[in-house]
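J.: Please read through the structure below; I'll follow up with questions.
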Amino acid sequence: MTQISDPILDPKPLAQTAAGPSIDPADVARFSAQAAEWWDVRGPFAPLHRFNPSRLTFVRDRVAERFGRDTRQRAPFAGLSLIDIGCGGGLIAEPMSRMGFDVTAIDASSENIGTARAHAEPQGLDIAYRAATVEQMEADMLAGGAGPFDVVLTMEVIEHVADPEAFIRACSRLVAPGGIMIVATLNRTLKALALGKFAAEYVLRWVPAGTHDWRQFLKPEEIRLMLSAEPLAVTGPFGLVIDPLTGRWSESDDVGINYMMVATRD
């Protein structure tokens with residue numbers, strides 16, 4: 001898929017030397033076709049809107065612990081840089097910006113980036129949105145561009161890429177010394193197949209059919225192994241579960257469906 005770097009919209013054009021072997025064009029096309037609906041709380045991304053508060057709480061608390069920040073402050077993470085990899089329409093990038101982070105957000109879909117930018121600008125949120133792959137960002141960093149970052153987020157993205165190991169290792173190389181990376185994904189279990197795939201897509205209709213391929217779900221130990229060659233300390237998994245009665249998500253010891261991993265660099 002051709003990546004877009006607009007010197008007007010992107011003040012520092014990305015290096016063009018890196019390919020994006022991790023990108024799955026079919027998945028990019030699927031999300032691009034739904035780009036205009038990212039902020040529709042009753043649309044195809046409604047589950048992410050319900051899921052978002054628990055994701056944001058997890059990120060906030062882990063980053064605050066890592067950097068010794070007081071989350072009771074208005075902008076507790078001022079002075080810290082963050083990159084949201086696979087940002088979609090900006091559901092995570094926007095609240096991260098409000099928390100004080102200097103946010104860069106990338107997505108392989110230029111349509112997603114257009115939606116994200118259009119939603120953020122009227123609110124005065126200064127988010128550096130770029131249509132780019134993580135490989136391009138790594139090449140740009142090595143060429144003197146943006147990065148490394150204090151916080152690297154890749155949330156519900158790795159299960160959609162063609163080469164998970166290449167993707168997650170490239171993400172990890174964007175982590176600054178002393179920084180933290182948080183990965184969120186789905187576990188490759190029978191429980192996730194039954195509930196995270198078939199029930200969510202075909203019974204409850206929470207997400208459009210075909211959104212996920214269970215064969216691309218990753219076990220926590222697989223992510224740990226992928227990162228074993230990188231100079232990172234990996235902890236987790238940390239489970240996230242939904243209360244079927246209230247529809248609210250919370251952190252849990254149950255990692256059978258959704259979970260997060262945390263990686264830190266000394």
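Ordered as shown in the structure tokens, chains take letters A, B, and onward, while each chain numbers its residues from 1 and ligands are numbered from 1 in the order shown.
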Which residues are close to Arg66 in chain A, i.e. within 12 Å by only C-alpha atoms, leaving aside same-chain residues fewer than 4 positions away? Reply as a PyMOL selection string.

T.: chain A and resi 59-62+70+77+80+150-151+178-182+262-266

J.: Restricted to C-alpha atoms, what would the selected residues look like written as a tab-separated table (two decimals), in the first residue's frame?

T.:
```tsv
chain	number	residue	atom	x	y	z
A	59	VAL	CA	-2.28	3.39	30.18
A	60	ARG	CA	-2.61	6.37	32.52
A	61	ASP	CA	-1.82	4.36	35.64
A	62	ARG	CA	1.13	2.41	34.18
A	70	ASP	CA	0.44	12.61	39.77
A	77	PHE	CA	2.10	13.98	31.51
A	80	LEU	CA	6.48	13.41	27.82
A	150	ASP	CA	8.76	8.11	26.11
A	151	VAL	CA	5.54	6.15	25.56
A	178	GLY	CA	13.59	4.88	30.37
A	179	GLY	CA	10.41	4.64	28.31
A	180	ILE	CA	7.47	2.26	28.18
A	181	MET	CA	5.52	0.41	25.49
A	182	ILE	CA	2.00	-0.95	25.98
A	262	VAL	CA	3.95	-3.81	29.14
A	263	ALA	CA	7.56	-3.44	28.02
A	264	THR	CA	10.09	-1.03	29.51
A	265	ARG	CA	13.53	0.07	28.38
A	266	ASP	CA	16.24	0.96	30.90
```

J.: Out of range 35-224 of chain A, which residues get strand (DSSP E) from DSSP, as a PyMOL selection string?

T.: chain A and resi 81-85+102-107+128-131+149-155+175-186

J.: Any idea what the distance is between CA of Val234 in chain A and CA of Met261 in chain A?

T.: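 Distance reported for this atom pair: 7.1 Å.
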
J.: Which residue out of A:Gly239, A:Ala64, A:Ile83, A:Asn187 has the minimum interatomic distance to Asp102 in chain A when only C-alpha atoms are used?

T.: A:Ile83

J.: What is the distance between CA of Pro231 in chain A and CA of Val103 in chain A, in Å to one decimal?

T.: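 Between CA of Pro231 in chain A and CA of Val103 in chain A the gap is 23.9 Å.
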
J.: For range 118-126 of chain A, please output as a PDB file with C-alpha atoms, in the first residue's frame all residues within 8 Å (counting only C-alpha atoms; exclusion window: fewer than 5 positions along the same chain).

T.:
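Contents of result_36.pdb, freshly written:
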```
ATOM      1  CA  GLY A  90      -7.877   9.140  17.162  1.00  0.00           C
ATOM      2  CA  GLU A  94      -7.125  12.709  21.692  1.00  0.00           C
ATOM      3  CA  SER A  97      -3.187  14.835  24.225  1.00  0.00           C
ATOM      4  CA  ARG A  98      -5.577  16.197  26.848  1.00  0.00           C
ATOM      5  CA  VAL A 103       1.325  13.144  20.798  1.00  0.00           C
TER       6      VAL A 103
END
```

J.: Counting only C-alpha atoms, which of A:Glu159, A:Trp249, A:Pro237, A:Ala166 gets nearest to Leu218 in chain A?

T.: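 The closest residue to Leu218 in chain A is A:Glu159.
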
J.: As a tab-separated table (two decimals) with N, CA and C atoms, in the first residue's frame, please: all residues of range 76-247 of chain A that backbone DSSP puts in helix (DSSP H, G or I).

T.:
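Result went into part-v6.tsv, see below:
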```tsv
chain	number	residue	atom	x	y	z
A	93	ALA	N	-5.53	8.84	20.85
A	93	ALA	CA	-4.64	10.00	20.70
A	93	ALA	C	-5.22	11.26	21.33
A	94	GLU	N	-6.52	11.48	21.17
A	94	GLU	CA	-7.13	12.71	21.69
A	94	GLU	C	-7.06	12.78	23.22
A	95	PRO	N	-7.54	11.77	23.95
A	95	PRO	CA	-7.43	11.86	25.41
A	95	PRO	C	-5.99	11.89	25.90
A	96	MET	N	-5.07	11.24	25.18
A	96	MET	CA	-3.67	11.31	25.56
A	96	MET	C	-3.15	12.74	25.44
A	97	SER	N	-3.57	13.44	24.40
A	97	SER	CA	-3.19	14.83	24.22
A	97	SER	C	-3.73	15.69	25.36
A	98	ARG	N	-4.97	15.43	25.76
A	98	ARG	CA	-5.58	16.20	26.85
A	98	ARG	C	-4.87	15.95	28.18
A	110	SER	N	-4.61	6.52	5.08
A	110	SER	CA	-4.71	7.98	4.97
A	110	SER	C	-6.14	8.45	5.25
A	111	GLU	N	-7.13	7.59	4.98
A	111	GLU	CA	-8.52	7.93	5.28
A	111	GLU	C	-8.72	8.05	6.79
A	112	ASN	N	-8.16	7.11	7.56
A	112	ASN	CA	-8.25	7.21	9.02
A	112	ASN	C	-7.59	8.48	9.52
A	113	ILE	N	-6.43	8.80	8.98
A	113	ILE	CA	-5.71	9.99	9.41
A	113	ILE	C	-6.53	11.25	9.09
A	114	GLY	N	-7.18	11.26	7.94
A	114	GLY	CA	-8.02	12.40	7.59
A	114	GLY	C	-9.16	12.60	8.57
A	115	THR	N	-9.80	11.49	8.96
A	115	THR	CA	-10.88	11.56	9.95
A	115	THR	C	-10.35	12.04	11.29
A	116	ALA	N	-9.22	11.48	11.72
A	116	ALA	CA	-8.64	11.85	13.02
A	116	ALA	C	-8.27	13.32	13.07
A	117	ARG	N	-7.63	13.79	12.01
A	117	ARG	CA	-7.21	15.20	11.97
A	117	ARG	C	-8.41	16.14	11.96
A	118	ALA	N	-9.43	15.77	11.19
A	118	ALA	CA	-10.63	16.62	11.09
A	118	ALA	C	-11.36	16.69	12.42
A	119	HIS	N	-11.32	15.63	13.21
A	119	HIS	CA	-12.00	15.63	14.50
A	119	HIS	C	-11.21	16.40	15.55
A	120	ALA	N	-9.88	16.34	15.50
A	120	ALA	CA	-9.05	16.95	16.53
A	120	ALA	C	-8.88	18.45	16.34
A	121	GLU	N	-8.75	18.91	15.11
A	121	GLU	CA	-8.42	20.31	14.86
A	121	GLU	C	-9.44	21.30	15.42
A	122	PRO	N	-10.77	21.07	15.25
A	122	PRO	CA	-11.72	22.04	15.81
A	122	PRO	C	-11.66	22.14	17.34
A	123	GLN	N	-11.09	21.12	17.98
A	123	GLN	CA	-10.99	21.14	19.44
A	123	GLN	C	-9.67	21.75	19.92
A	134	VAL	N	5.00	1.93	10.88
A	134	VAL	CA	5.98	2.00	11.96
A	134	VAL	C	7.39	1.90	11.40
A	135	GLU	N	7.55	1.16	10.30
A	135	GLU	CA	8.87	1.06	9.68
A	135	GLU	C	9.33	2.42	9.16
A	136	GLN	N	8.42	3.18	8.61
A	136	GLN	CA	8.76	4.52	8.15
A	136	GLN	C	9.15	5.43	9.31
A	137	MET	N	8.44	5.30	10.43
A	137	MET	CA	8.76	6.11	11.59
A	137	MET	C	10.14	5.76	12.14
A	138	GLU	N	10.48	4.48	12.12
A	138	GLU	CA	11.80	4.08	12.58
A	138	GLU	C	12.88	4.66	11.67
A	139	ALA	N	12.66	4.59	10.37
A	139	ALA	CA	13.64	5.14	9.43
A	139	ALA	C	13.75	6.65	9.59
A	140	ASP	N	12.62	7.30	9.81
A	140	ASP	CA	12.61	8.75	10.01
A	140	ASP	C	13.39	9.12	11.27
A	141	MET	N	13.21	8.35	12.33
A	141	MET	CA	13.92	8.60	13.58
A	141	MET	C	15.43	8.48	13.37
A	142	LEU	N	15.84	7.43	12.67
A	142	LEU	CA	17.26	7.22	12.42
A	142	LEU	C	17.86	8.32	11.56
A	158	ILE	N	-1.80	-5.28	16.49
A	158	ILE	CA	-0.90	-6.34	16.07
A	158	ILE	C	-1.64	-7.53	15.47
A	159	GLU	N	-2.90	-7.74	15.86
A	159	GLU	CA	-3.66	-8.87	15.29
A	159	GLU	C	-4.13	-8.58	13.87
A	160	HIS	N	-3.84	-7.39	13.36
A	160	HIS	CA	-4.26	-7.04	12.00
A	160	HIS	C	-3.08	-6.92	11.03
A	164	PRO	N	3.62	-9.97	12.52
A	164	PRO	CA	3.55	-9.45	13.89
A	164	PRO	C	4.92	-9.21	14.53
A	165	GLU	N	5.86	-10.12	14.29
A	165	GLU	CA	7.17	-9.96	14.93
A	165	GLU	C	7.90	-8.73	14.39
A	166	ALA	N	7.91	-8.56	13.05
A	166	ALA	CA	8.56	-7.38	12.48
A	166	ALA	C	7.90	-6.11	12.99
A	167	PHE	N	6.59	-6.15	13.11
A	167	PHE	CA	5.84	-4.99	13.57
A	167	PHE	C	6.18	-4.64	15.01
A	168	ILE	N	6.08	-5.61	15.92
A	168	ILE	CA	6.25	-5.30	17.34
A	168	ILE	C	7.70	-4.95	17.66
A	169	ARG	N	8.64	-5.55	16.95
A	169	ARG	CA	10.04	-5.20	17.19
A	169	ARG	C	10.34	-3.79	16.69
A	170	ALA	N	9.74	-3.41	15.56
A	170	ALA	CA	9.90	-2.03	15.08
A	170	ALA	C	9.28	-1.05	16.06
A	171	CYS	N	8.12	-1.40	16.61
A	171	CYS	CA	7.49	-0.55	17.63
A	171	CYS	C	8.42	-0.37	18.82
A	172	SER	N	9.03	-1.46	19.26
A	172	SER	CA	9.86	-1.41	20.46
A	172	SER	C	11.09	-0.54	20.27
A	190	LEU	N	-9.68	-20.78	22.68
A	190	LEU	CA	-11.02	-21.17	22.24
A	190	LEU	C	-12.07	-20.19	22.77
A	191	LYS	N	-11.82	-19.65	23.95
A	191	LYS	CA	-12.73	-18.65	24.53
A	191	LYS	C	-12.77	-17.41	23.65
A	192	ALA	N	-11.62	-16.97	23.16
A	192	ALA	CA	-11.58	-15.81	22.29
A	192	ALA	C	-12.22	-16.10	20.94
A	193	LEU	N	-12.07	-17.33	20.46
A	193	LEU	CA	-12.72	-17.71	19.21
A	193	LEU	C	-14.23	-17.66	19.36
A	194	ALA	N	-14.73	-18.18	20.49
A	194	ALA	CA	-16.17	-18.23	20.70
A	194	ALA	C	-16.78	-16.86	20.99
A	195	LEU	N	-16.09	-16.08	21.84
A	195	LEU	CA	-16.67	-14.81	22.28
A	195	LEU	C	-16.09	-13.61	21.55
A	196	GLY	N	-14.77	-13.59	21.39
A	196	GLY	CA	-14.14	-12.44	20.76
A	196	GLY	C	-14.32	-12.39	19.26
A	197	LYS	N	-14.59	-13.55	18.66
A	197	LYS	CA	-14.77	-13.63	17.20
A	197	LYS	C	-16.24	-13.88	16.85
A	198	PHE	N	-16.74	-15.09	17.09
A	198	PHE	CA	-18.08	-15.45	16.60
A	198	PHE	C	-19.20	-14.69	17.30
A	199	ALA	N	-19.17	-14.63	18.63
A	199	ALA	CA	-20.24	-13.93	19.33
A	199	ALA	C	-20.21	-12.43	19.02
A	200	ALA	N	-19.02	-11.84	19.04
A	200	ALA	CA	-18.91	-10.39	18.83
A	200	ALA	C	-19.29	-9.99	17.41
A	201	GLU	N	-18.97	-10.86	16.43
A	201	GLU	CA	-19.20	-10.49	15.04
A	201	GLU	C	-20.53	-10.99	14.48
A	202	TYR	N	-20.96	-12.18	14.90
A	202	TYR	CA	-22.12	-12.80	14.25
A	202	TYR	C	-23.36	-12.89	15.13
A	203	VAL	N	-23.19	-12.87	16.45
A	203	VAL	CA	-24.34	-12.98	17.35
A	203	VAL	C	-24.73	-11.62	17.90
A	214	TRP	N	-9.19	-15.09	13.79
A	214	TRP	CA	-8.73	-15.72	15.02
A	214	TRP	C	-7.33	-16.29	14.88
A	215	ARG	N	-6.98	-16.72	13.69
A	215	ARG	CA	-5.65	-17.30	13.48
A	215	ARG	C	-4.55	-16.26	13.68
A	216	GLN	N	-4.90	-14.98	13.62
A	216	GLN	CA	-3.92	-13.91	13.82
A	216	GLN	C	-3.86	-13.43	15.26
A	220	PRO	N	0.13	-14.46	24.83
A	220	PRO	CA	1.09	-13.59	25.51
A	220	PRO	C	2.54	-14.07	25.40
A	221	GLU	N	2.73	-15.39	25.49
A	221	GLU	CA	4.10	-15.91	25.41
A	221	GLU	C	4.71	-15.69	24.02
A	222	GLU	N	3.87	-15.59	23.01
A	222	GLU	CA	4.39	-15.32	21.67
A	222	GLU	C	4.89	-13.88	21.57
A	223	ILE	N	4.16	-12.95	22.15
A	223	ILE	CA	4.63	-11.57	22.16
A	223	ILE	C	5.92	-11.45	22.98
A	224	ARG	N	5.97	-12.14	24.10
A	224	ARG	CA	7.18	-12.11	24.93
A	224	ARG	C	8.38	-12.64	24.14
A	225	LEU	N	8.16	-13.73	23.37
A	225	LEU	CA	9.25	-14.31	22.57
A	225	LEU	C	9.67	-13.36	21.46
A	226	MET	N	8.71	-12.71	20.82
A	226	MET	CA	9.03	-11.76	19.75
A	226	MET	C	9.92	-10.62	20.24
```

J.: Let me make sure I understand: among A:Val183, A:Pro177, A:Ser54, A:Ile257, which one has the smallest atom-to-atom distance to Thr235 in chain A if we use only C-alpha atoms?

T.: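 When distances to Thr235 in chain A are compared using only C-alpha atoms, the smallest one comes from A:Val183.
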
J.: Write out as a list of chain:residue names each polymer residue whose atoms come within 9 Å of Asp254 in chain A, counting only C-alpha atoms; drop sequence neighbours fewer than 6 positions from it.

T.: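 Near Asp254 in chain A, the qualifying residues are A:Phe238, A:Gly239, A:Leu240, A:Val241.
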
J.: Would you write out those residues with N, CA and C atoms, as a compact mmCIF listing (two decimals), in the first residue's frame?

T.:
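Output saved as again-v8.txt:
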```
# COMPACT_ATOMS: atom_id res chain seq x y z
N PHE A 238 -1.93 -8.66 31.32
CA PHE A 238 -2.94 -8.06 32.18
C PHE A 238 -4.27 -8.13 31.44
N GLY A 239 -5.23 -8.83 32.02
CA GLY A 239 -6.49 -9.07 31.33
C GLY A 239 -7.47 -7.91 31.44
N LEU A 240 -8.35 -7.84 30.46
CA LEU A 240 -9.47 -6.90 30.46
C LEU A 240 -10.73 -7.69 30.16
N VAL A 241 -11.77 -7.51 30.98
CA VAL A 241 -13.01 -8.26 30.78
C VAL A 241 -14.20 -7.31 30.83
```

J.: Quick one: pull the distance between CA of Pro244 in chain A and CA of His49 in chain A, Å, one decimal.

T.: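 Between CA of Pro244 in chain A and CA of His49 in chain A the gap works out to 15.7 Å.
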